[in-house]
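The structure file model31.cif is reproduced below (mmCIF, C-alpha atoms).
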data_query
#
loop_
_atom_site.label_atom_id
_atom_site.label_comp_id
_atom_site.auth_asym_id
_atom_site.auth_seq_id
_atom_site.Cartn_x
_atom_site.Cartn_y
_atom_site.Cartn_z
CA MET A 1 113.72 107.35 119.42
CA THR A 2 115.03 109.51 122.22
CA PRO A 3 113.32 111.78 124.79
CA ALA A 4 112.79 115.51 124.27
CA THR A 5 115.65 116.36 126.61
CA ASP A 6 118.17 114.21 124.72
CA SER A 7 117.09 114.12 121.08
CA PRO A 8 119.43 116.06 118.75
CA LEU A 9 118.25 119.46 117.56
CA PRO A 10 119.36 121.33 114.44
CA ALA A 11 122.49 123.43 114.80
CA VAL A 12 120.25 126.31 113.76
CA THR A 13 116.46 126.16 114.07
CA ARG A 14 114.77 128.58 111.68
CA LEU A 15 111.24 127.22 111.65
CA ILE A 16 108.96 125.29 113.99
CA ALA A 17 106.10 123.37 112.38
CA THR A 18 103.44 122.10 114.74
CA ASP A 19 100.18 120.25 114.44
CA LEU A 20 97.31 121.52 116.60
CA ASP A 21 94.81 118.95 117.88
CA GLY A 22 96.47 116.38 120.11
CA THR A 23 99.78 118.23 119.80
CA LEU A 24 99.87 121.94 120.57
CA LEU A 25 96.33 122.12 121.93
CA ARG A 26 95.30 120.45 125.15
CA ASP A 27 92.40 118.01 125.09
CA ASP A 28 90.03 120.86 125.92
CA LYS A 29 91.17 122.59 122.68
CA THR A 30 92.96 125.43 124.48
CA LEU A 31 96.56 126.64 124.66
CA SER A 32 98.27 126.67 128.04
CA ASP A 33 99.98 129.82 129.29
CA ARG A 34 103.30 127.99 129.07
CA THR A 35 102.73 127.13 125.41
CA ILE A 36 101.64 130.68 124.57
CA ALA A 37 104.82 131.99 126.18
CA ALA A 38 106.97 129.47 124.29
CA LEU A 39 105.45 130.44 120.94
CA ALA A 40 106.06 134.12 121.65
CA ALA A 41 109.65 133.42 122.71
CA ALA A 42 110.32 131.51 119.49
CA GLU A 43 109.04 134.35 117.33
CA GLU A 44 111.01 136.88 119.39
CA ALA A 45 114.14 134.81 118.79
CA GLY A 46 113.56 135.02 115.03
CA ILE A 47 112.19 131.48 114.61
CA GLU A 48 109.13 131.27 112.39
CA VAL A 49 106.25 129.21 113.77
CA PHE A 50 103.93 127.48 111.32
CA PHE A 51 100.70 125.84 112.43
CA VAL A 52 100.23 122.79 110.20
CA THR A 53 96.84 121.19 110.70
CA GLY A 54 93.99 119.18 109.26
CA ARG A 55 91.63 121.95 110.36
CA PRO A 56 90.12 124.35 107.82
CA ALA A 57 91.16 127.99 108.06
CA ARG A 58 87.85 129.00 109.62
CA TRP A 59 88.57 126.81 112.67
CA MET A 60 91.88 128.52 113.44
CA ASP A 61 90.55 131.13 115.86
CA VAL A 62 92.08 129.28 118.82
CA VAL A 63 95.60 130.02 117.54
CA SER A 64 95.22 132.96 115.14
CA PRO A 65 96.05 135.52 117.87
CA HIS A 66 99.43 133.82 118.28
CA VAL A 67 100.75 134.10 114.72
CA GLN A 68 103.23 136.89 114.26
CA GLY A 69 104.69 138.58 111.16
CA HIS A 70 103.99 136.02 108.43
CA GLY A 71 100.51 135.18 109.73
CA MET A 72 100.39 131.98 107.71
CA ALA A 73 99.08 128.52 108.52
CA ILE A 74 98.96 125.31 106.51
CA CYS A 75 95.42 123.95 106.72
CA ALA A 76 93.37 120.97 105.51
CA ASN A 77 96.41 118.64 105.64
CA GLY A 78 98.31 120.76 103.14
CA ALA A 79 95.47 121.52 100.73
CA ALA A 80 95.43 125.21 101.68
CA VAL A 81 97.74 127.91 102.98
CA ALA A 82 95.85 130.62 104.85
CA ASP A 83 96.70 134.11 106.03
CA LEU A 84 95.24 134.11 109.54
CA HIS A 85 95.43 137.89 109.76
CA ASP A 86 92.60 138.27 107.26
CA GLY A 87 91.32 134.72 106.68
CA ARG A 88 92.35 134.75 103.03
CA LEU A 89 93.49 131.54 101.33
CA ILE A 90 96.89 132.23 99.78
CA LYS A 91 97.28 128.86 98.09
CA VAL A 92 94.87 126.02 97.33
CA ARG A 93 95.70 122.51 96.14
CA PRO A 94 92.25 121.21 95.20
CA LEU A 95 90.92 117.70 94.76
CA ASP A 96 89.42 117.26 91.30
CA ARG A 97 85.67 116.74 91.66
CA SER A 98 85.45 113.87 89.18
CA THR A 99 88.29 112.11 91.02
CA ALA A 100 86.49 112.69 94.31
CA ILE A 101 83.30 111.13 92.92
CA GLY A 102 85.31 108.10 91.79
CA VAL A 103 86.80 107.67 95.26
CA VAL A 104 83.36 108.00 96.84
CA ASP A 105 82.10 105.26 94.51
CA ILE A 106 84.96 102.93 95.44
CA LEU A 107 84.47 103.40 99.17
CA ARG A 108 80.70 102.93 98.94
CA GLY A 109 81.32 99.62 97.19
CA VAL A 110 83.78 98.19 99.73
CA ALA A 111 82.53 99.77 102.96
CA PRO A 112 78.73 99.69 103.19
CA GLY A 113 77.55 102.19 105.78
CA VAL A 114 80.18 104.80 104.91
CA SER A 115 79.04 108.43 104.85
CA PHE A 116 80.78 111.50 103.46
CA ALA A 117 81.42 115.18 104.01
CA VAL A 118 82.85 117.57 101.44
CA GLU A 119 85.21 120.32 102.61
CA LEU A 120 85.19 123.20 100.14
CA SER A 121 87.27 126.35 100.34
CA THR A 122 84.04 128.07 101.39
CA GLY A 123 82.83 125.60 104.02
CA ILE A 124 81.81 122.03 104.72
CA HIS A 125 78.75 120.11 103.48
CA TYR A 126 77.74 116.58 104.35
CA GLU A 127 75.43 113.65 103.85
CA PRO A 128 72.38 112.99 106.05
CA ALA A 129 74.05 109.92 107.61
CA TYR A 130 77.30 111.76 108.45
CA PRO A 131 77.80 112.26 112.22
CA PRO A 132 75.98 115.37 113.49
CA PHE A 133 77.92 118.50 112.71
CA HIS A 134 77.44 121.64 114.79
CA MET A 135 80.39 123.89 113.94
CA ASP A 136 79.07 124.89 110.49
CA PRO A 137 75.32 125.53 110.77
CA GLY A 138 75.11 126.85 107.19
CA ALA A 139 76.13 123.55 105.62
CA THR A 140 74.17 121.90 102.81
CA VAL A 141 73.01 118.35 103.53
CA ALA A 142 72.87 116.08 100.47
CA VAL A 143 74.49 112.96 99.05
CA ALA A 144 78.18 113.40 98.23
CA GLU A 145 77.67 112.90 94.50
CA LYS A 146 75.28 115.86 94.46
CA LEU A 147 77.60 117.98 96.59
CA LEU A 148 80.46 117.26 94.18
CA HIS A 149 78.47 117.71 90.96
CA GLU A 150 79.32 120.62 88.67
CA GLU A 151 77.16 122.01 85.93
CA ALA A 152 80.36 122.59 83.97
CA PRO A 153 83.95 121.53 84.67
CA GLY A 154 85.82 124.05 86.79
CA THR A 155 82.75 125.69 88.31
CA GLY A 156 82.14 125.88 92.03
CA ALA A 157 84.46 126.36 95.00
CA PRO A 158 87.62 124.23 95.12
CA VAL A 159 87.33 120.93 97.00
CA LEU A 160 90.01 120.83 99.70
CA LYS A 161 89.22 117.32 100.91
CA ILE A 162 86.46 114.82 101.40
CA LEU A 163 85.89 112.97 104.64
CA ALA A 164 84.66 109.40 104.86
CA HIS A 165 83.22 108.12 108.14
CA HIS A 166 82.41 104.53 108.99
CA PRO A 167 80.55 103.61 112.18
CA GLU A 168 82.03 100.14 112.64
CA LEU A 169 85.39 99.65 110.92
CA ALA A 170 88.65 99.92 112.87
CA PRO A 171 90.26 103.27 111.99
CA ASP A 172 93.64 101.93 110.82
CA ALA A 173 92.04 99.06 108.91
CA PHE A 174 89.75 101.50 107.09
CA LEU A 175 92.75 103.66 106.16
CA ALA A 176 94.78 100.70 104.91
CA MET A 177 91.87 99.44 102.81
CA ALA A 178 91.28 102.84 101.22
CA ARG A 179 94.94 103.30 100.38
CA GLU A 180 95.13 99.86 98.81
CA LEU A 181 92.06 100.34 96.65
CA ALA A 182 92.31 104.02 95.69
CA GLY A 183 95.75 105.21 96.75
CA ASP A 184 96.68 105.83 93.12
CA GLN A 185 93.85 108.35 92.79
CA ALA A 186 94.04 110.44 95.96
CA SER A 187 95.92 110.87 99.24
CA PHE A 188 94.36 109.21 102.28
CA THR A 189 95.13 109.87 105.92
CA ARG A 190 93.44 110.18 109.30
CA SER A 191 93.68 112.26 112.46
CA SER A 192 90.55 111.29 114.38
CA PRO A 193 90.29 108.47 116.93
CA THR A 194 87.27 107.26 114.95
CA ALA A 195 87.16 105.65 111.50
CA LEU A 196 87.25 109.00 109.70
CA LEU A 197 89.37 109.26 106.57
CA GLU A 198 90.62 112.58 105.18
CA ILE A 199 91.05 112.47 101.42
CA SER A 200 93.03 115.05 99.45
CA ALA A 201 94.41 115.39 95.95
CA LEU A 202 97.12 112.89 95.09
CA GLY A 203 100.46 114.04 96.49
CA VAL A 204 99.00 116.57 98.91
CA SER A 205 100.27 116.29 102.47
CA LYS A 206 101.35 118.52 105.32
CA ALA A 207 104.97 117.75 104.45
CA ASP A 208 104.68 118.60 100.76
CA THR A 209 103.11 122.01 101.36
CA LEU A 210 105.45 122.75 104.27
CA ALA A 211 108.42 121.92 102.02
CA GLU A 212 107.14 124.45 99.44
CA CYS A 213 106.70 127.15 102.08
CA CYS A 214 110.19 126.50 103.45
CA ALA A 215 111.77 126.53 99.99
CA GLU A 216 110.18 129.94 99.33
CA ARG A 217 111.97 131.20 102.45
CA GLY A 218 115.28 129.51 101.77
CA ILE A 219 114.82 127.23 104.78
CA ALA A 220 116.27 123.72 104.51
CA PRO A 221 114.61 120.63 106.07
CA GLY A 222 117.55 120.39 108.49
CA GLU A 223 116.58 123.79 109.92
CA VAL A 224 113.03 122.70 110.77
CA VAL A 225 111.69 121.15 113.99
CA ALA A 226 108.25 119.50 113.64
CA PHE A 227 105.67 118.20 116.10
CA GLY A 228 102.73 115.83 115.58
CA ASP A 229 100.67 112.97 116.95
CA MET A 230 98.65 111.21 114.24
CA PRO A 231 99.01 109.50 110.82
CA ASN A 232 98.40 112.80 109.01
CA ASP A 233 101.64 114.06 110.61
CA VAL A 234 103.84 111.14 109.53
CA GLU A 235 105.22 112.66 106.33
CA MET A 236 105.98 115.97 108.07
CA LEU A 237 107.72 114.24 110.97
CA SER A 238 109.82 112.24 108.51
CA TRP A 239 110.69 115.30 106.40
CA ALA A 240 111.86 117.68 109.12
CA GLY A 241 115.46 117.68 110.29
CA ALA A 242 114.29 117.09 113.85
CA SER A 243 110.83 115.93 114.83
CA PHE A 244 108.96 115.04 117.97
CA ALA A 245 105.96 112.78 118.42
CA MET A 246 103.82 113.57 121.41
CA GLY A 247 103.70 111.20 124.36
CA ASN A 248 100.07 110.54 123.37
CA ALA A 249 100.93 109.88 119.71
CA HIS A 250 99.74 107.15 117.36
CA PRO A 251 102.34 104.39 116.77
CA ALA A 252 102.87 105.57 113.19
CA ALA A 253 103.80 109.07 114.37
CA LEU A 254 106.11 107.65 117.04
CA ALA A 255 107.86 105.56 114.41
CA ALA A 256 108.30 108.51 112.04
CA ALA A 257 109.69 111.01 114.56
CA SER A 258 113.30 111.37 115.64
CA GLY A 259 112.30 112.06 119.24
CA VAL A 260 109.39 111.92 121.65
CA THR A 261 108.20 114.64 124.01
CA LEU A 262 105.57 114.89 126.72
CA THR A 263 101.86 114.69 125.94
CA ASN A 264 99.77 117.56 124.62
CA ASN A 265 98.29 118.03 128.10
CA GLU A 266 101.81 118.28 129.57
CA ASP A 267 103.02 121.07 127.26
CA GLY A 268 105.18 118.70 125.22
CA VAL A 269 105.75 121.24 122.42
CA ALA A 270 106.69 124.01 124.85
CA VAL A 271 109.25 121.73 126.53
CA VAL A 272 111.17 121.40 123.26
CA ILE A 273 110.79 125.05 122.24
CA GLU A 274 112.21 126.12 125.60
CA ARG A 275 115.18 123.84 124.98
CA ILE A 276 115.71 125.35 121.52
CA ILE A 277 115.62 128.88 122.93
CA ALA A 278 117.97 127.99 125.79
CA GLY A 279 120.52 126.59 123.33
CA ARG A 280 120.72 129.68 121.12
#
Conversion result in structure tokens:
Amino acid sequence: MTPATDSPLPAVTRLIATDLDGTLLRDDKTLSDRTIAALAAAEEAGIEVFFVTGRPARWMDVVSPHVQGHGMAICANGAAVADLHDGRLIKVRPLDRSTAIGVVDILRGVAPGVSFAVELSTGIHYEPAYPPFHMDPGATVAVAEKLLHEEAPGTGAPVLKILAHHPELAPDAFLAMARELAGDQASFTRSSPTALLEISALGVSKADTLAECCAERGIAPGEVVAFGDMPNDVEMLSWAGASFAMGNAHPAALAAASGVTLTNNEDGVAVVIERIIAGR
């Protein structure tokens, strides 16, 4: 892996794909003036910028003013594509509710003390034991099996992902265990420093949805530069023609990326974008 100033860039960069938390955003969840300027310069140069995040669309207000023409963001680790101009979900890749219940059952059996939240296209709901949640005051609180139950198959809002929190397990160990036991039923990843798993439909990832969006635009992987910091960014960092892990990144992200840049608090994404613009 080479530093941001030396790592090879595509001959032509047509799209920048960046994670948000721990990557584009500083630790205080804001964008620096330098980063805002770099995003605007990229768009002005004709480079599309895609925000690719684990966040749901309703938590995108911190960056929604900075999307330009296309207005699109990939949310919920690839389970949804949102138009940030109007908040509409353009594409949804849902997790089957019966599959989700099966995964919940497996994790309850092997990880006593686990608690769950259910992220629907309409909002999040969670169990009484799930860590206190303040960003969605209208949430329903009930056991996951009840939250996932349908009176008839196909009814109810699509499930984008379920979250599984454990108060004691090591985060990477919890992820490895879940993948070993239920990796043939759903996609498991993590982006939190705590033992919090994010569970999507099998095959759903940031990379897979980004690849679809790029194919629709005639953009090849070799024309994409990606940025990330956590395990949920690994597939995207591996897929893109050039990719940068943040200086604060998880070892898995560092291993997957072709380069490393400064930390999120040091404008690591802006450093690379400025280099791309300067080389055009």
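Atom pair CA of Ala73 in chain A / CA of Phe51 in chain A has a distance of 5.0 Å (rounded to one decimal).
Against this structure, the PyMOL selection byres ((chain A and resi 202-215) around 7) ends up with A:Val52, A:Asn77, A:Gly78, A:Ala79, A:Gln185, A:Ala186, A:Ser187, A:Ser200, A:Ala201, A:Glu216, A:Arg217, A:Gly218, A:Ile219, A:Ala220, A:Asp233, A:Glu235, A:Met236, A:Trp239.
Near Val114 in chain A, within 12 Å and counting all atoms listed in the file, sit Val104, Asp105, Ile106, Leu107, Arg108, Gly109, Val110, Glu127, Pro128, Ala129, Tyr130, Pro131, Val143, Ala144, Leu163, Ala164, His165, His166, Pro167, Glu168, Leu169, Phe174, Ala178, Ala195, Leu196 and Leu197 of chain A; same-chain residues fewer than 4 positions away were not included.
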- Message: Just to confirm, what's the straight-line distance from CA of Ala170 in chain A to CA of Arg55 in chain A in Å (one decimal)?
- Response: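 Computed distance, CA of Ala170 in chain A to CA of Arg55 in chain A, equals 22.4 Å.
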- Select, from A:Met60, A:Ile273, A:Val159, A:Met177, the residue with the minimum atom-to-atom distance to Glu43 in chain A, counting all atoms listed in the file.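 Nearest candidate to Glu43 in chain A out of A:Met60, A:Ile273, A:Val159, A:Met177: A:Ile273.
The coordinates place CA of His125 in chain A at 5.0 Å from CA of Thr140 in chain A.
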- Name the residues captured by the PyMOL selection byres ((chain A and resi 248) around 12) when it is applied to the shown file; answer as a PyMOL selection string. chain A and resi 21-24+26-27+193+227-230+244-247+249-254+260-268
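Shortest atom-to-atom contact with Ala117 in chain A among A:Gly87, A:Gly279, A:Pro132, A:Pro10: A:Pro132, counting only C-alpha atoms.
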- Item | Output check: residues returned by the PyMOL selection byres ((chain A and resi 62) around 8), as a PyMOL selection string | chain A and resi 29-31+59-61+63-65
